[in-house]
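Enquirer: Handing over input06.cif, mmCIF, C-alpha atoms.
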```cif
data_upload
loop_
_atom_site.group_PDB
_atom_site.id
_atom_site.type_symbol
_atom_site.label_atom_id
_atom_site.label_comp_id
_atom_site.auth_asym_id
_atom_site.auth_seq_id
_atom_site.Cartn_x
_atom_site.Cartn_y
_atom_site.Cartn_z
ATOM 1 C CA MET B 1106 92.793 91.095 85.539
ATOM 2 C CA GLU B 1107 95.271 89.662 87.992
ATOM 3 C CA GLN B 1108 96.087 85.995 87.471
ATOM 4 C CA GLU B 1109 95.928 84.233 90.799
ATOM 5 C CA LEU B 1110 99.185 82.703 91.961
ATOM 6 C CA THR B 1111 99.264 78.956 92.468
ATOM 7 C CA ILE B 1112 102.132 77.343 94.331
ATOM 8 C CA THR B 1113 103.141 73.694 94.323
ATOM 9 C CA ASN B 1114 106.274 72.224 95.795
ATOM 10 C CA GLU B 1115 108.333 69.096 95.465
ATOM 11 C CA ARG B 1116 111.555 67.984 97.046
ATOM 12 C CA LYS B 1117 114.371 66.975 94.721
ATOM 13 C CA ALA B 1118 117.829 65.933 95.950
ATOM 14 C CA GLY B 1119 117.371 67.878 99.161
ATOM 15 C CA VAL B 1120 116.135 71.010 97.415
ATOM 16 C CA PHE B 1121 112.617 72.395 97.824
ATOM 17 C CA VAL B 1122 111.398 73.358 94.371
ATOM 18 C CA LEU B 1123 108.554 75.875 94.450
ATOM 19 C CA HIS B 1124 106.662 75.910 91.158
ATOM 20 C CA LEU B 1125 104.858 79.231 90.790
ATOM 21 C CA ALA B 1126 102.168 79.960 88.215
ATOM 22 C CA GLY B 1127 100.269 83.232 87.728
ATOM 23 C CA ASP B 1128 101.179 86.796 88.689
ATOM 24 C CA LEU B 1129 103.657 87.727 91.398
ATOM 25 C CA THR B 1130 102.193 90.911 92.847
ATOM 26 C CA LYS B 1131 101.623 92.331 96.313
ATOM 27 C CA THR B 1132 98.685 90.047 97.159
ATOM 28 C CA ALA B 1133 100.351 87.023 95.585
ATOM 29 C CA GLY B 1134 103.560 87.876 97.421
ATOM 30 C CA GLU B 1135 101.729 87.856 100.742
ATOM 31 C CA GLN B 1136 100.267 84.478 99.786
ATOM 32 C CA LEU B 1137 103.776 83.224 99.002
ATOM 33 C CA LEU B 1138 105.093 84.523 102.322
ATOM 34 C CA GLN B 1139 102.272 82.773 104.163
ATOM 35 C CA TYR B 1140 103.011 79.563 102.233
ATOM 36 C CA TYR B 1141 106.683 79.845 103.144
ATOM 37 C CA ASP B 1142 105.810 80.347 106.827
ATOM 38 C CA GLN B 1143 103.308 77.533 107.061
ATOM 39 C CA GLU B 1144 104.443 74.795 104.713
ATOM 40 C CA ASN B 1145 106.088 72.061 106.723
ATOM 41 C CA GLY B 1146 109.866 72.052 106.385
ATOM 42 C CA LEU B 1147 110.053 74.942 103.958
ATOM 43 C CA LYS B 1148 111.160 77.572 106.444
ATOM 44 C CA GLY B 1149 114.529 77.084 108.049
ATOM 45 C CA HIS B 1150 117.683 75.329 107.033
ATOM 46 C CA SER B 1151 116.375 71.836 106.344
ATOM 47 C CA ALA B 1152 116.502 72.306 102.578
ATOM 48 C CA ASP B 1153 117.545 74.896 100.057
ATOM 49 C CA LEU B 1154 114.935 76.759 98.084
ATOM 50 C CA LEU B 1155 114.509 76.822 94.322
ATOM 51 C CA PHE B 1156 111.867 78.995 92.643
ATOM 52 C CA ASP B 1157 110.492 77.962 89.278
ATOM 53 C CA PHE B 1158 109.269 81.079 87.423
ATOM 54 C CA THR B 1159 108.518 79.327 84.137
ATOM 55 C CA ASP B 1160 104.778 80.003 84.423
ATOM 56 C CA VAL B 1161 104.982 83.467 85.978
ATOM 57 C CA SER B 1162 104.285 85.977 83.250
ATOM 58 C CA TYR B 1163 103.940 89.155 85.321
ATOM 59 C CA MET B 1164 105.806 90.413 88.382
ATOM 60 C CA ASN B 1165 105.865 93.858 89.909
ATOM 61 C CA SER B 1166 108.035 95.565 92.495
ATOM 62 C CA ALA B 1167 105.738 94.604 95.373
ATOM 63 C CA GLY B 1168 105.918 90.921 94.444
ATOM 64 C CA ILE B 1169 109.688 91.108 94.012
ATOM 65 C CA ALA B 1170 109.926 92.816 97.422
ATOM 66 C CA VAL B 1171 108.264 89.827 99.097
ATOM 67 C CA LEU B 1172 110.586 87.493 97.251
ATOM 68 C CA ILE B 1173 113.575 89.391 98.613
ATOM 69 C CA ARG B 1174 112.104 89.165 102.096
ATOM 70 C CA ILE B 1175 111.797 85.387 101.823
ATOM 71 C CA VAL B 1176 115.299 84.762 100.519
ATOM 72 C CA ARG B 1177 116.792 87.107 103.122
ATOM 73 C CA LEU B 1178 114.932 85.252 105.869
ATOM 74 C CA GLY B 1179 116.273 81.994 104.483
ATOM 75 C CA ALA B 1180 119.813 83.370 104.243
ATOM 76 C CA GLN B 1181 119.738 84.171 107.964
ATOM 77 C CA GLU B 1182 119.347 80.433 108.543
ATOM 78 C CA GLN B 1183 121.916 79.396 105.938
ATOM 79 C CA GLN B 1184 119.212 78.395 103.491
ATOM 80 C CA LYS B 1185 120.440 78.953 99.942
ATOM 81 C CA ALA B 1186 118.055 80.169 97.259
ATOM 82 C CA GLY B 1187 118.005 79.833 93.514
ATOM 83 C CA CYS B 1188 115.603 80.262 90.640
ATOM 84 C CA TYR B 1189 115.104 79.312 87.003
ATOM 85 C CA GLY B 1190 112.598 79.953 84.219
ATOM 86 C CA LEU B 1191 113.140 83.725 84.273
ATOM 87 C CA SER B 1192 112.822 85.803 81.129
ATOM 88 C CA TYR B 1193 115.666 88.137 80.191
ATOM 89 C CA HIS B 1194 113.557 91.104 81.333
ATOM 90 C CA TYR B 1195 112.882 89.796 84.828
ATOM 91 C CA GLU B 1196 116.473 88.667 85.185
ATOM 92 C CA LYS B 1197 117.411 92.278 84.480
ATOM 93 C CA LEU B 1198 114.963 93.518 87.156
ATOM 94 C CA PHE B 1199 116.267 91.007 89.701
ATOM 95 C CA ARG B 1200 119.802 92.262 89.122
ATOM 96 C CA MET B 1201 118.627 95.862 89.306
ATOM 97 C CA VAL B 1202 117.173 95.444 92.795
ATOM 98 C CA GLY B 1203 120.095 93.374 94.048
ATOM 99 C CA LEU B 1204 118.102 90.167 94.449
ATOM 100 C CA THR B 1205 120.983 88.183 92.980
ATOM 101 C CA ARG B 1206 122.961 88.863 96.156
ATOM 102 C CA TRP B 1207 120.715 86.334 97.874
ATOM 103 C CA MET B 1208 119.482 84.201 95.030
ATOM 104 C CA THR B 1209 121.345 82.561 92.146
ATOM 105 C CA ILE B 1210 119.739 82.557 88.716
ATOM 106 C CA TYR B 1211 120.091 79.249 86.869
ATOM 107 C CA PRO B 1212 119.293 78.379 83.253
ATOM 108 C CA SER B 1213 117.305 75.246 84.170
ATOM 109 C CA GLU B 1214 116.030 73.132 87.031
ATOM 110 C CA TRP B 1215 118.672 70.522 86.329
ATOM 111 C CA ALA B 1216 121.519 73.047 86.482
ATOM 112 C CA ALA B 1217 120.123 74.515 89.686
ATOM 113 C CA ILE B 1218 119.723 71.251 91.561
ATOM 114 C CA ASP B 1219 123.081 69.967 90.355
ATOM 115 C CA ASP B 1220 124.798 73.086 91.687
ATOM 116 C CA MET B 1221 122.790 73.466 94.889
ATOM 117 C CA LYS B 1222 123.335 69.902 96.054
ATOM 118 C CA LYS B 1223 127.119 70.294 95.566
ATOM 119 C CA ASN B 1224 127.402 73.371 97.788
ATOM 120 C CA MET L 208 98.493 108.478 67.923
ATOM 121 C CA MET L 209 97.091 108.930 71.393
ATOM 122 C CA LYS L 210 94.991 106.938 73.805
ATOM 123 C CA LYS L 211 93.463 107.576 77.217
ATOM 124 C CA VAL L 212 92.828 104.748 79.671
ATOM 125 C CA THR L 213 91.001 105.187 82.978
ATOM 126 C CA LEU L 214 91.607 102.809 85.869
ATOM 127 C CA SER L 215 89.916 102.197 89.188
ATOM 128 C CA SER L 216 92.252 102.405 92.153
ATOM 129 C CA ARG L 217 92.560 98.734 93.000
ATOM 130 C CA TRP L 218 95.249 96.101 92.598
ATOM 131 C CA GLY L 219 95.540 94.542 89.195
ATOM 132 C CA GLU L 220 94.041 97.475 87.265
ATOM 133 C CA GLU L 221 97.492 98.369 85.933
ATOM 134 C CA LYS L 222 97.278 95.318 83.672
ATOM 135 C CA LYS L 223 94.498 97.028 81.691
ATOM 136 C CA VAL L 224 96.996 99.682 80.644
ATOM 137 C CA LEU L 225 99.564 97.066 79.768
ATOM 138 C CA LEU L 226 97.071 95.416 77.417
ATOM 139 C CA GLU L 227 96.270 98.742 75.744
ATOM 140 C CA LEU L 228 99.956 99.533 75.459
ATOM 141 C CA GLU L 229 100.688 96.133 73.909
ATOM 142 C CA GLN L 230 97.927 96.678 71.345
ATOM 143 C CA MET L 231 99.255 100.119 70.451
ATOM 144 C CA LEU L 232 102.857 98.962 70.127
ATOM 145 C CA GLN L 233 102.136 95.638 68.441
ATOM 146 C CA PRO L 234 102.009 96.936 64.823
ATOM 147 C CA PHE L 235 105.512 98.376 65.102
ATOM 148 C CA PRO L 236 108.763 96.406 64.954
ATOM 149 C CA PHE L 237 110.049 97.547 68.333
ATOM 150 C CA LEU L 238 112.756 95.733 70.213
ATOM 151 C CA LEU L 239 111.119 93.434 72.733
ATOM 152 C CA GLU L 240 113.505 94.776 75.377
ATOM 153 C CA ASP L 241 112.184 98.322 74.937
ATOM 154 C CA VAL L 242 108.573 97.146 75.029
ATOM 155 C CA GLU L 243 109.127 95.150 78.233
ATOM 156 C CA ASP L 244 111.003 98.036 79.877
ATOM 157 C CA LEU L 245 108.227 100.487 79.054
ATOM 158 C CA LYS L 246 105.513 98.122 80.280
ATOM 159 C CA THR L 247 107.246 97.642 83.620
ATOM 160 C CA ALA L 248 107.787 101.381 84.106
ATOM 161 C CA VAL L 249 104.142 102.117 83.275
ATOM 162 C CA ALA L 250 102.875 99.350 85.572
ATOM 163 C CA GLU L 251 104.952 100.716 88.450
ATOM 164 C CA ALA L 252 103.723 104.278 87.890
ATOM 165 C CA CYS L 253 100.135 103.001 87.892
ATOM 166 C CA LEU L 254 100.708 101.003 91.081
ATOM 167 C CA ASN L 255 102.129 104.072 92.817
ATOM 168 C CA ALA L 256 99.131 106.111 91.658
ATOM 169 C CA ILE L 257 96.634 103.440 92.746
ATOM 170 C CA GLU L 258 98.169 102.781 96.153
ATOM 171 C CA HIS L 259 99.954 105.931 97.241
ATOM 172 C CA GLY L 260 98.172 108.541 95.154
ATOM 173 C CA ASN L 261 94.564 107.416 95.492
ATOM 174 C CA GLY L 262 94.945 105.282 98.615
ATOM 175 C CA LEU L 263 93.357 102.209 96.994
ATOM 176 C CA ASN L 264 90.006 104.008 96.934
ATOM 177 C CA ASP L 265 88.490 102.393 93.852
ATOM 178 C CA SER L 266 86.021 105.247 93.327
ATOM 179 C CA ILE L 267 88.925 107.585 92.550
ATOM 180 C CA PRO L 268 90.257 107.132 89.028
ATOM 181 C CA VAL L 269 93.771 106.982 87.680
ATOM 182 C CA HIS L 270 94.062 108.457 84.188
ATOM 183 C CA VAL L 271 96.715 107.213 81.801
ATOM 184 C CA TYR L 272 97.557 108.981 78.530
ATOM 185 C CA ILE L 273 99.662 107.174 75.965
ATOM 186 C CA GLY L 274 101.130 109.104 73.056
ATOM 187 C CA MET L 275 103.371 107.969 70.222
ATOM 188 C CA SER L 276 105.574 110.223 68.162
ATOM 189 C CA ASP L 277 108.412 108.617 66.247
ATOM 190 C CA PRO L 278 110.686 107.529 67.898
ATOM 191 C CA TRP L 279 109.204 108.377 71.288
ATOM 192 C CA VAL L 280 106.421 106.885 73.382
ATOM 193 C CA THR L 281 105.169 109.169 76.136
ATOM 194 C CA VAL L 282 103.002 107.917 78.996
ATOM 195 C CA ASP L 283 101.390 110.161 81.611
ATOM 196 C CA VAL L 284 99.910 108.595 84.735
ATOM 197 C CA ARG L 285 97.760 110.926 86.844
ATOM 198 C CA ASP L 286 96.197 110.383 90.257
ATOM 199 C CA CYS L 287 94.338 112.604 92.693
ATOM 200 C CA GLY L 288 96.924 112.501 95.464
ATOM 201 C CA GLN L 289 99.355 115.063 96.818
ATOM 202 C CA GLY L 290 102.291 113.609 94.943
ATOM 203 C CA PHE L 291 105.810 113.281 96.252
ATOM 204 C CA GLN L 292 109.077 115.086 96.168
ATOM 205 C CA GLU L 293 110.773 114.085 92.951
ATOM 206 C CA HIS L 294 114.088 112.392 93.540
ATOM 207 C CA ARG L 295 116.341 110.006 91.683
ATOM 208 C CA PRO L 296 116.427 106.751 93.612
ATOM 209 C CA ASP L 297 119.890 105.276 93.824
ATOM 210 C CA HIS L 298 120.240 103.425 97.110
ATOM 211 C CA LEU L 299 117.932 100.468 97.023
ATOM 212 C CA GLU L 300 118.451 99.569 100.668
ATOM 213 C CA HIS L 301 116.996 102.901 101.738
ATOM 214 C CA GLU L 302 113.960 102.862 99.497
ATOM 215 C CA GLY L 303 110.473 101.689 100.412
ATOM 216 C CA GLU L 304 108.266 99.880 97.915
ATOM 217 C CA ARG L 305 107.346 103.146 96.245
ATOM 218 C CA GLY L 306 111.038 103.797 95.884
ATOM 219 C CA TRP L 307 111.425 100.463 94.152
ATOM 220 C CA GLY L 308 108.789 101.403 91.636
ATOM 221 C CA LEU L 309 110.573 104.699 91.077
ATOM 222 C CA LEU L 310 113.867 102.879 90.710
ATOM 223 C CA PHE L 311 112.406 100.774 87.906
ATOM 224 C CA ILE L 312 110.918 103.852 86.247
ATOM 225 C CA ASP L 313 114.201 105.728 86.555
ATOM 226 C CA ARG L 314 116.236 102.898 85.043
ATOM 227 C CA LEU L 315 113.829 101.713 82.357
ATOM 228 C CA VAL L 316 112.714 104.881 80.578
ATOM 229 C CA ASP L 317 114.830 107.617 79.022
ATOM 230 C CA GLU L 318 113.219 110.528 80.835
ATOM 231 C CA TRP L 319 110.618 110.998 83.527
ATOM 232 C CA LYS L 320 109.298 113.860 85.595
ATOM 233 C CA ALA L 321 106.711 114.406 88.293
ATOM 234 C CA TYR L 322 104.300 117.335 87.985
ATOM 235 C CA HIS L 323 101.126 118.863 89.365
ATOM 236 C CA VAL L 324 98.073 119.915 87.389
ATOM 237 C CA GLU L 325 95.800 122.602 88.834
ATOM 238 C CA ASP L 326 92.459 122.198 87.139
ATOM 239 C CA PRO L 327 91.271 119.644 88.019
ATOM 240 C CA PRO L 328 93.945 119.059 90.661
ATOM 241 C CA ALA L 329 96.065 116.041 89.910
ATOM 242 C CA PHE L 330 99.529 114.664 90.352
ATOM 243 C CA GLY L 331 101.226 113.079 87.404
ATOM 244 C CA ILE L 332 104.291 111.276 86.239
ATOM 245 C CA ARG L 333 105.351 111.629 82.636
ATOM 246 C CA MET L 334 107.620 108.956 81.222
ATOM 247 C CA VAL L 335 109.300 109.114 77.854
ATOM 248 C CA LYS L 336 110.903 106.136 76.163
ATOM 249 C CA ARG L 337 112.836 106.140 72.921
ATOM 250 C CA MET L 338 111.720 103.004 71.110
ATOM 251 C CA ARG L 339 114.276 101.223 68.977
ATOM 252 C CA SER L 340 113.175 99.260 65.966
ATOM 253 C CA ASP L 341 114.500 95.762 65.415
ATOM 254 C CA GLU L 342 114.635 96.622 61.712
ATOM 255 C CA GLY L 343 117.107 99.403 62.423
ATOM 256 C CA GLU L 344 114.759 102.080 61.110
ATOM 257 C CA GLY L 345 112.335 104.572 62.512
ATOM 258 C CA TRP L 346 108.636 103.900 62.694
ATOM 259 C CA SER L 347 105.701 106.014 61.675
ATOM 260 C CA GLY L 348 103.789 107.890 64.290
ATOM 261 C CA THR L 349 101.989 111.178 64.529
ATOM 262 C CA ARG L 350 102.691 114.080 66.839
ATOM 263 C CA THR L 351 100.694 114.120 70.023
ATOM 264 C CA ASP L 352 99.349 117.190 71.737
ATOM 265 C CA ASP L 353 100.884 118.328 74.947
ATOM 266 C CA TYR L 354 98.555 117.063 77.667
ATOM 267 C CA GLN L 355 99.185 119.900 80.098
#
```
Taking this structure as input, can you express it in the form of structure tokens?
Expert:
Amino acid sequence: MEQELTITNERKAGVFVLHLAGDLTKTAGEQLLQYYDQENGLKGHSADLLFDFTDVSYMNSAGIAVLIRIVRLGAQEQQKAGCYGLSYHYEKLFRMVGLTRWMTIYPSEWAAIDDMKKN
Amino acid sequence: MMKKVTLSSRWGEEKKVLLELEQMLQPFPFLLEDVEDLKTAVAEACLNAIEHGNGLNDSIPVHVYIGMSDPWVTVDVRDCGQGFQEHRPDHLEHEGERGWGLLFIDRLVDEWKAYHVEDPPAFGIRMVKRMRSDEGEGWSGTRTDDYQ
């Protein structure tokens, strides 16, 4: 039933864009955490982090918890985080759990990169 | 209108209920916001039942009962665990993952309560959501029996 999470990344104007597709659940969250730990240059302050949720149709609290862990880890090293492609519902959930304290929600990739490279 | 769905206690099973719920709600002109809120609350209750209630033992079932009675949708999620002390989560920083699920349930449905059933022994969460119609009218449903 669970749609496996696939993660691809690209670097745009000094921002790491993580394109996620599938479900963001507990197991997928652990996969994302491992990816964040191991992918060269992703962890640390070398680049800011932008999550693309356009192709994520299902998230649960366990997946969101891992996301919070990643952006908090990044914040400790002055790595900014942002995201785009969120539905209204998930934007509401992100606000509910306080995720927006560590991650800015943008309407599009262009808006995100434009803002993140300025700051 | 009433439906029972039985899940195995493993990750991802909660999506079976979401599919059933979507099919039941689809004929009615509900606000998408209400449908999404209910689906998230139900998924979180199922996850708590699967992980914390039944300890991810996939031979132990989780039973889900969905009832519709204009304008309410009631969902009961029952596991075979000991349950937990009912509380209203309000401080996110102090909550574990189960608390996060409860926080979503608490904020996304109109009413919820935790309860125990004696025969056969089970722990349940009942969630009630008032569904708004995007046509500004009520919708037709039939009374459901009380499950307890």
Enquirer: Can you check which residues of chain B have any atom within 9 Å of chain L? Use all atoms listed in the file and format it as a PyMOL selection string.
Expert: chain B and resi 1106-1108+1130-1132+1164-1167+1170+1193-1194+1198+1201-1203
Enquirer: I would like the residues chosen by the PyMOL selection byres ((chain B and resi 1115) around 12) on the shown file; could you give them as a list in words?
Expert: Ile1112, Thr1113, Asn1114, Arg1116, Lys1117, Ala1118, Gly1119, Val1120, Phe1121, Val1122, Leu1123, His1124, Leu1125, Glu1144, Asn1145, Gly1146, Leu1147, Ala1152, Asp1153, Leu1154, Leu1155, Phe1156 and Asp1157 of chain B
Enquirer: Using the chain letters and numbers from the file, give me the residues hit by the PyMOL selection byres ((chain B and resi 1209) around 9), as a PyMOL selection string.
Expert: chain B and resi 1185-1189+1204-1208+1210-1211+1217
Enquirer: Between L:Leu238, L:Leu228, L:Val316, L:Val282, which one has atoms that come closest to Arg333 of chain L, using only C-alpha atoms?
Expert: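 Distance minimum relative to Arg333 of chain L lands on L:Val282.
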Enquirer: Please compute the atom CA of Phe291 of chain L-atom CA of Ala252 of chain L distance, one decimal, in Å.
Expert: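 Between atom CA of Phe291 of chain L and atom CA of Ala252 of chain L the gap is 12.5 Å.
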Enquirer: Atom CA of Ser1192 of chain B and atom CA of Tyr272 of chain L are how many Å apart?
Expert: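 Interatomic distance, atom CA of Ser1192 of chain B to atom CA of Tyr272 of chain L: 27.9 Å.
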Enquirer: Using all atoms listed in the file, can you list as a compact mmCIF listing (two decimals) with C-alpha atoms, keeping the file's coordinate frame the residues within 9 Å of (103.9, 90.5, 103.3)?
Expert:
```
# COMPACT_ATOMS: atom_id res chain seq x y z
CA LYS B 1131 101.62 92.33 96.31
CA THR B 1132 98.68 90.05 97.16
CA GLY B 1134 103.56 87.88 97.42
CA GLU B 1135 101.73 87.86 100.74
CA GLN B 1136 100.27 84.48 99.79
CA LEU B 1137 103.78 83.22 99.00
CA LEU B 1138 105.09 84.52 102.32
CA GLN B 1139 102.27 82.77 104.16
CA ALA B 1170 109.93 92.82 97.42
CA VAL B 1171 108.26 89.83 99.10
CA ARG B 1174 112.10 89.16 102.10
```
Enquirer: Considering all atoms listed in the file, return as a PyMOL selection string whatever protein or nucleic-acid residues lie within 10 Å of Val242 of chain L, sequence-local ones (same chain, fewer than 5 positions apart) excluded.
Expert: chain L and resi 228-229+232-233+237+247+336+338-339
Enquirer: So that I have them on file, write out the residues from the current selection with C-alpha atoms, as a PDB file, in the frame of the given file.
Expert:
```pdb
ATOM      1  CA  LEU L 228      99.956  99.533  75.459  1.00  0.00           C
ATOM      2  CA  GLU L 229     100.688  96.133  73.909  1.00  0.00           C
ATOM      3  CA  LEU L 232     102.857  98.962  70.127  1.00  0.00           C
ATOM      4  CA  GLN L 233     102.136  95.638  68.441  1.00  0.00           C
ATOM      5  CA  PHE L 237     110.049  97.547  68.333  1.00  0.00           C
ATOM      6  CA  THR L 247     107.246  97.642  83.620  1.00  0.00           C
ATOM      7  CA  LYS L 336     110.903 106.136  76.163  1.00  0.00           C
ATOM      8  CA  MET L 338     111.720 103.004  71.110  1.00  0.00           C
ATOM      9  CA  ARG L 339     114.276 101.223  68.977  1.00  0.00           C
TER      10      ARG L 339
END
```
Enquirer: Just give me the gap between atom CA of Met208 of chain L and atom CA of Lys320 of chain L in Å, one decimal is fine.
Expert: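 It comes out at 21.4 Å.
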Enquirer: Applying 12 Å and all atoms listed in the file, which residues near Met231 of chain L remain after dropping the ones on its own chain fewer than 5 positions away? List them as a list in words.
Expert: Met208, Met209, Lys210, Lys211, Val224, Leu225, Leu226, Pro236, Phe237, Val242, Lys246, Ile273, Gly274, Met275, Val280 and Gly348 of chain L
Enquirer: Would you compute, for all listed atoms of segment 249-254 of chain L, the axis-aligned bounding box grown by 6 Å on each side, and then report its centre and edge lengths in Å rounded to one decimal, as lines of an AutoDock Vina configuration file?
Expert:
```
center_x = 102.5
center_y = 101.8
center_z = 87.2
size_x = 16.8
size_y = 16.9
size_z = 19.8
```
Enquirer: Residues near Val1161 of chain B, anyone? I mean within 8 Å using all atoms listed in the file, not counting same-chain ones fewer than 3 positions away, as an MDAnalysis selection string.
Expert: chainID B and resid 1125:1129 1158 1164
